[in-house]
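Enquirer: Input file: model_16.cif. Contents: mmCIF, C-alpha atoms and all ligand atoms.
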```cif
data_run
#
loop_
_atom_site.label_atom_id
_atom_site.label_comp_id
_atom_site.auth_asym_id
_atom_site.auth_seq_id
_atom_site.Cartn_x
_atom_site.Cartn_y
_atom_site.Cartn_z
CA MET A 1 26.68 1.10 8.71
CA GLU A 2 25.11 -1.07 11.42
CA LEU A 3 22.91 -4.15 11.11
CA THR A 4 19.79 -2.17 12.06
CA ASP A 5 20.53 0.24 9.17
CA ILE A 6 20.69 -2.66 6.70
CA VAL A 7 17.43 -4.15 8.02
CA GLY A 8 15.84 -0.67 7.76
CA ILE A 9 16.90 -0.33 4.10
CA LEU A 10 15.63 -3.85 3.31
CA SER A 11 12.33 -3.11 5.03
CA ARG A 12 11.92 0.07 2.94
CA LEU A 13 12.78 -1.90 -0.21
CA ILE A 14 10.07 -4.46 0.64
CA HIS A 15 7.56 -1.68 1.41
CA ILE A 16 8.13 0.19 -1.85
CA SER A 17 8.30 -2.95 -4.05
CA SER A 18 5.09 -4.26 -2.48
CA ALA A 19 3.32 -0.91 -3.04
CA VAL A 20 4.42 -0.91 -6.69
CA THR A 21 3.31 -4.54 -7.17
CA LEU A 22 -0.10 -3.99 -5.59
CA LEU A 23 -1.05 -0.58 -7.03
CA GLY A 24 0.57 -1.26 -10.42
CA GLY A 25 -1.39 -4.50 -10.83
CA LEU A 26 -4.63 -2.81 -9.78
CA LEU A 27 -4.04 0.11 -12.19
CA PHE A 28 -3.36 -2.30 -15.06
CA ALA A 29 -6.55 -4.21 -14.21
CA ARG A 30 -8.58 -0.98 -14.08
CA GLN A 31 -7.18 0.50 -17.30
CA VAL A 32 -6.71 -2.62 -19.45
CA LEU A 33 -8.65 -5.64 -18.14
CA VAL A 34 -11.86 -3.62 -17.66
CA ALA A 35 -11.56 -2.22 -21.23
CA VAL A 36 -11.26 -5.68 -22.75
CA GLY A 37 -13.88 -7.22 -20.41
CA GLN A 38 -11.41 -9.70 -18.91
CA THR A 39 -11.38 -8.73 -15.23
CA ASP A 40 -11.72 -12.42 -14.30
CA LEU A 41 -7.98 -12.62 -15.14
CA ILE A 42 -7.33 -10.70 -11.90
CA ALA A 43 -7.48 -14.11 -10.16
CA ARG A 44 -4.13 -14.90 -11.81
CA TYR A 45 -2.64 -12.00 -9.86
CA SER A 46 -3.98 -13.15 -6.47
CA THR A 47 -0.73 -14.63 -5.17
CA ALA A 48 1.26 -11.51 -6.07
CA MET A 49 -1.39 -9.32 -4.39
CA GLN A 50 -1.40 -11.46 -1.24
CA ALA A 51 2.40 -11.36 -1.03
CA ALA A 52 2.38 -7.57 -1.57
CA ILE A 53 -0.23 -7.09 1.18
CA ALA A 54 1.79 -9.22 3.63
CA GLY A 55 4.94 -7.30 2.62
CA LEU A 56 3.27 -3.91 3.16
CA LEU A 57 1.88 -4.88 6.59
CA LEU A 58 5.10 -6.42 7.93
CA SER A 59 7.52 -3.79 6.58
CA GLY A 60 5.12 -0.94 7.46
CA LEU A 61 4.76 -2.09 11.07
CA TYR A 62 8.53 -2.56 11.31
CA ASN A 63 9.13 0.96 9.92
CA LEU A 64 6.62 2.42 12.36
CA LEU A 65 7.86 0.59 15.45
CA THR A 66 11.52 1.40 14.80
CA LYS A 67 10.95 5.14 14.44
CA ALA A 68 13.10 6.99 16.96
CA ALA A 69 10.37 9.53 17.79
CA LEU A 70 7.01 10.30 16.23
CA PRO A 71 6.75 13.97 15.19
CA LYS A 72 3.66 15.99 16.19
CA GLY A 73 0.68 15.13 13.97
CA TYR A 74 2.27 11.91 12.71
CA HIS A 75 -0.15 9.57 14.49
CA ALA A 76 -3.28 11.22 13.09
CA ILE A 77 -2.05 11.10 9.47
CA PHE A 78 -0.77 7.55 9.95
CA GLY A 79 -4.19 6.49 11.32
CA ILE A 80 -5.93 7.77 8.17
CA LYS A 81 -3.33 6.07 5.95
CA PHE A 82 -3.80 2.77 7.81
CA LEU A 83 -7.61 2.84 7.46
CA LEU A 84 -7.29 3.57 3.71
CA ALA A 85 -4.76 0.71 3.43
CA LEU A 86 -7.24 -1.66 5.13
CA HIS A 87 -9.85 -0.59 2.55
CA VAL A 88 -7.43 -1.36 -0.32
CA PHE A 89 -6.37 -4.72 1.19
CA ALA A 90 -9.90 -5.97 1.95
CA VAL A 91 -11.39 -4.99 -1.40
CA ALA A 92 -8.35 -6.24 -3.39
CA LEU A 93 -8.56 -9.65 -1.67
CA LEU A 94 -12.28 -9.90 -2.47
CA LEU A 95 -11.91 -8.88 -6.16
CA PRO A 96 -11.69 -12.43 -7.58
CA LYS A 97 -15.03 -13.28 -5.91
CA ALA A 98 -16.94 -10.19 -7.12
CA ASP A 99 -19.02 -10.08 -10.33
CA ALA A 100 -17.67 -8.14 -13.35
CA ALA A 101 -19.62 -4.88 -12.86
CA LYS A 102 -18.73 -4.71 -9.17
CA ARG A 103 -15.09 -5.48 -9.96
CA ALA A 104 -14.76 -2.44 -12.24
CA ARG A 105 -16.33 -0.15 -9.60
CA SER A 106 -14.24 -1.64 -6.78
CA LEU A 107 -11.04 -1.15 -8.79
CA THR A 108 -11.80 2.56 -9.26
CA GLY A 109 -12.52 2.92 -5.52
CA ILE A 110 -9.35 1.26 -4.29
CA LEU A 111 -7.20 3.14 -6.81
CA VAL A 112 -8.54 6.41 -5.38
CA SER A 113 -7.67 5.17 -1.88
CA GLY A 114 -4.26 4.01 -3.17
CA GLY A 115 -3.53 7.49 -4.56
CA LEU A 116 -4.51 9.11 -1.25
CA ILE A 117 -2.24 6.64 0.60
CA LEU A 118 0.71 7.68 -1.58
CA ALA A 119 0.02 11.37 -0.88
CA LEU A 120 -0.25 10.73 2.89
CA SER A 121 2.97 8.65 2.78
CA ALA A 122 4.80 11.52 1.09
CA TYR A 123 3.56 13.82 3.87
CA LEU A 124 4.60 11.32 6.60
CA ARG A 125 8.06 11.30 5.03
CA TYR A 126 8.10 15.11 5.17
CA LEU A 127 7.07 15.04 8.86
CA THR A 128 9.85 12.53 9.61
CA LEU A 129 12.49 14.69 7.94
CA ASN A 130 11.10 17.98 9.35
CA PRO A 131 9.87 17.15 12.90
C1 LIG B 201 -1.65 0.14 -0.06
C2 LIG B 201 -0.91 0.20 1.04
C3 LIG B 201 0.33 1.06 1.19
C4 LIG B 201 1.03 1.81 0.28
C5 LIG B 201 0.72 2.03 -1.21
C6 LIG B 201 2.14 2.42 0.99
C7 LIG B 201 3.08 3.23 0.41
C8 LIG B 201 4.11 3.84 1.06
C9 LIG B 201 5.11 4.69 0.45
C10 LIG B 201 5.21 4.99 -1.05
C11 LIG B 201 5.93 5.14 1.43
C12 LIG B 201 7.10 6.09 1.28
C13 LIG B 201 8.37 5.27 1.26
C14 LIG B 201 9.52 6.05 1.76
O1 LIG B 201 9.72 7.21 1.39
O2 LIG B 201 10.27 5.47 2.54
C15 LIG B 201 5.47 4.58 2.68
C16 LIG B 201 6.02 4.82 3.91
C17 LIG B 201 5.58 4.26 5.10
N1 LIG B 201 4.57 3.34 5.26
FE1 LIG B 201 3.37 2.67 3.79
N2 LIG B 201 2.10 2.02 2.32
C18 LIG B 201 1.01 1.19 2.47
C19 LIG B 201 0.62 0.54 3.63
C20 LIG B 201 1.24 0.69 4.86
C21 LIG B 201 0.88 -0.01 6.05
C22 LIG B 201 -0.24 -1.06 6.15
C23 LIG B 201 1.71 0.45 7.05
C24 LIG B 201 1.77 0.06 8.51
C25 LIG B 201 1.41 -1.08 9.00
C26 LIG B 201 2.60 1.44 6.49
C27 LIG B 201 3.57 2.14 7.16
C28 LIG B 201 4.45 3.03 6.60
C29 LIG B 201 5.45 3.80 7.35
C30 LIG B 201 5.66 3.77 8.85
C31 LIG B 201 6.15 4.57 6.41
C32 LIG B 201 7.27 5.56 6.70
C33 LIG B 201 6.75 6.98 6.59
C34 LIG B 201 7.82 7.95 7.04
O3 LIG B 201 8.67 8.30 6.24
O4 LIG B 201 7.77 8.32 8.21
N3 LIG B 201 2.29 1.54 5.14
N4 LIG B 201 4.36 3.79 2.43
#
```
Using the file provided, produce a representation of the structure as structure tokens.
Ligand code: HEM

Expert:
Amino acid sequence: MELTDIVGILSRLIHISSAVTLLGGLLFARQVLVAVGQTDLIARYSTAMQAAIAGLLLSGLYNLLTKAALPKGYHAIFGIKFLLALHVFAVALLLPKADAAKRARSLTGILVSGGLILALSAYLRYLTLNP
């Protein structure tokens, strides 16, 4: 195993842990905090969300730039994933500033985008393994 392999594994670890932290927190907020009318508590999760967003961007760019070759169709699917990710990041960062009704709606919207991102990521993985 070479150093670049170890960095690659660490980068994947950061990517997956950040995705779990961000989407898991948002799902909890949507399913639990909305039900008990306490979405203002999302502000307590801001630092974790910011760290997860930074982790996703840095590890994602690293993963992309170190790919040996991009299979046919990869760029198009990646472009859609990236735009959806920007939607999730922007709206998640603005959540603490939104009013309660808007917060509940925004959470639903970014969880839909988050689900689509996971599906596109699974397909990108397939394209990588089956170029
Ligand atoms: C909400 C945001 C995001 C989520 C939930 C997410 C989730 C995931 C997941 C679950 C994987 C599959 C992990 C694996 O099998 O190795 C993945 C792979 C990947 N992600 Fe993300 N990601 C997000 C944002 C980003 C961003 C912003 C970038 C680029 C700057 C990025 C670039 C990549 C790349 C290049 C891969 C490898 C795909 C492949 O196997 O070819 N991701 N992502």

Enquirer: Ligand LIG 201 (chain B): which residues are within 6 Å, counting all atoms listed in the file, as a list in words?

Expert: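 Counting only what the definition allows, namely all atoms listed in the file, the set is Arg12, Ile16, Ala19, Leu56, Leu57, Gly60, Leu61, Asn63, Leu64, Phe82, Ala85, Val88, Gly114, Ile117, Leu118, Ser121, Ala122, Leu124, Arg125 and Thr128 of chain A.
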
Enquirer: Write the residues you've just listed into a file as a tab-separated table (two decimals), in the frame of the given file, and include C-alpha atoms for each of them.

Expert:
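Final output, part_22.tsv:
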```tsv
chain	number	residue	atom	x	y	z
A	12	ARG	CA	11.92	0.07	2.94
A	16	ILE	CA	8.13	0.19	-1.85
A	19	ALA	CA	3.32	-0.91	-3.04
A	56	LEU	CA	3.27	-3.91	3.16
A	57	LEU	CA	1.88	-4.88	6.59
A	60	GLY	CA	5.12	-0.94	7.46
A	61	LEU	CA	4.76	-2.09	11.07
A	63	ASN	CA	9.13	0.96	9.92
A	64	LEU	CA	6.62	2.42	12.36
A	82	PHE	CA	-3.80	2.77	7.81
A	85	ALA	CA	-4.76	0.71	3.43
A	88	VAL	CA	-7.43	-1.36	-0.32
A	114	GLY	CA	-4.26	4.01	-3.17
A	117	ILE	CA	-2.24	6.64	0.60
A	118	LEU	CA	0.71	7.68	-1.58
A	121	SER	CA	2.97	8.65	2.78
A	122	ALA	CA	4.80	11.52	1.09
A	124	LEU	CA	4.60	11.32	6.60
A	125	ARG	CA	8.06	11.30	5.03
A	128	THR	CA	9.85	12.53	9.61
```

Enquirer: Nearest residue to Leu84 of chain A out of A:Ala51, A:Leu111, A:Ala43, A:Val36, using all atoms listed in the file?

Expert: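 Closest residue, counting all atoms listed in the file: A:Leu111.
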
Enquirer: Please indicate the distance in Å from atom CA of His87 of chain A to atom CA of Ser113 of chain A, rounded to one decimal place.

Expert: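 Distance between the two atoms: 7.6 Å.
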
Enquirer: Leaving out Asp40 of chain A and any residue of its chain fewer than 6 positions from it, which residues lie within 9 Å of it when counting all atoms listed in the file, given as a CSV table (one decimal) with C-alpha atoms, keeping the file's coordinate frame?

Expert:
```csv
chain,number,residue,atom,x,y,z
A,33,LEU,CA,-8.6,-5.6,-18.1
A,95,LEU,CA,-11.9,-8.9,-6.2
A,96,PRO,CA,-11.7,-12.4,-7.6
A,99,ASP,CA,-19.0,-10.1,-10.3
A,100,ALA,CA,-17.7,-8.1,-13.4
A,103,ARG,CA,-15.1,-5.5,-10.0
```

Enquirer: Kindly indicate which residue among A:Asn130, A:Thr108, A:Gln50, A:Gln38 lies nearest to Ser18 of chain A, using only C-alpha atoms for the distances.

Expert: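 Going through A:Asn130, A:Thr108, A:Gln50, A:Gln38 one by one, the smallest distance to Ser18 of chain A is for A:Gln50.
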
Enquirer: Give the answer as one residue: which of A:Leu65, A:Ile80, A:Ile42, A:Leu58 has the shortest atom-to-atom distance to Arg30 of chain A, using all atoms listed in the file?

Expert: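 Of A:Leu65, A:Ile80, A:Ile42, A:Leu58, the one nearest Arg30 of chain A, counting all atoms listed in the file, is A:Ile42.
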
Enquirer: Find, counting all atoms listed in the file, the residue in A:Leu116, A:Ala54, A:Ala35, A:Leu127 that gets nearest to Ser17 of chain A.

Expert: A:Ala54

Enquirer: To one decimal place in Å, what is the distance between atom CA of Thr47 of chain A and atom CA of Leu27 of chain A?

Expert: 16.7 Å

Enquirer: For a quick check of understanding, using all atoms listed in the file, which of A:Ser46, A:Thr39, A:Gln31, A:Ser59 has the smallest distance to His15 of chain A?

Expert: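 Of A:Ser46, A:Thr39, A:Gln31, A:Ser59, the one nearest His15 of chain A, counting all atoms listed in the file, is A:Ser59.
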
Enquirer: Between atom CA of Lys67 of chain A and atom CA of Thr21 of chain A, what distance in Å does the model show, to one decimal?

Expert: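 Atom-to-atom, atom CA of Lys67 of chain A to atom CA of Thr21 of chain A, that is 24.9 Å.
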
Enquirer: Give the answer as one residue: which of A:Val112, A:Met49, A:Leu94, A:Leu120 has the shortest atom-to-atom distance to His75 of chain A, using all atoms listed in the file?

Expert: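 Among A:Val112, A:Met49, A:Leu94, A:Leu120, it is A:Leu120 that comes nearest to His75 of chain A.
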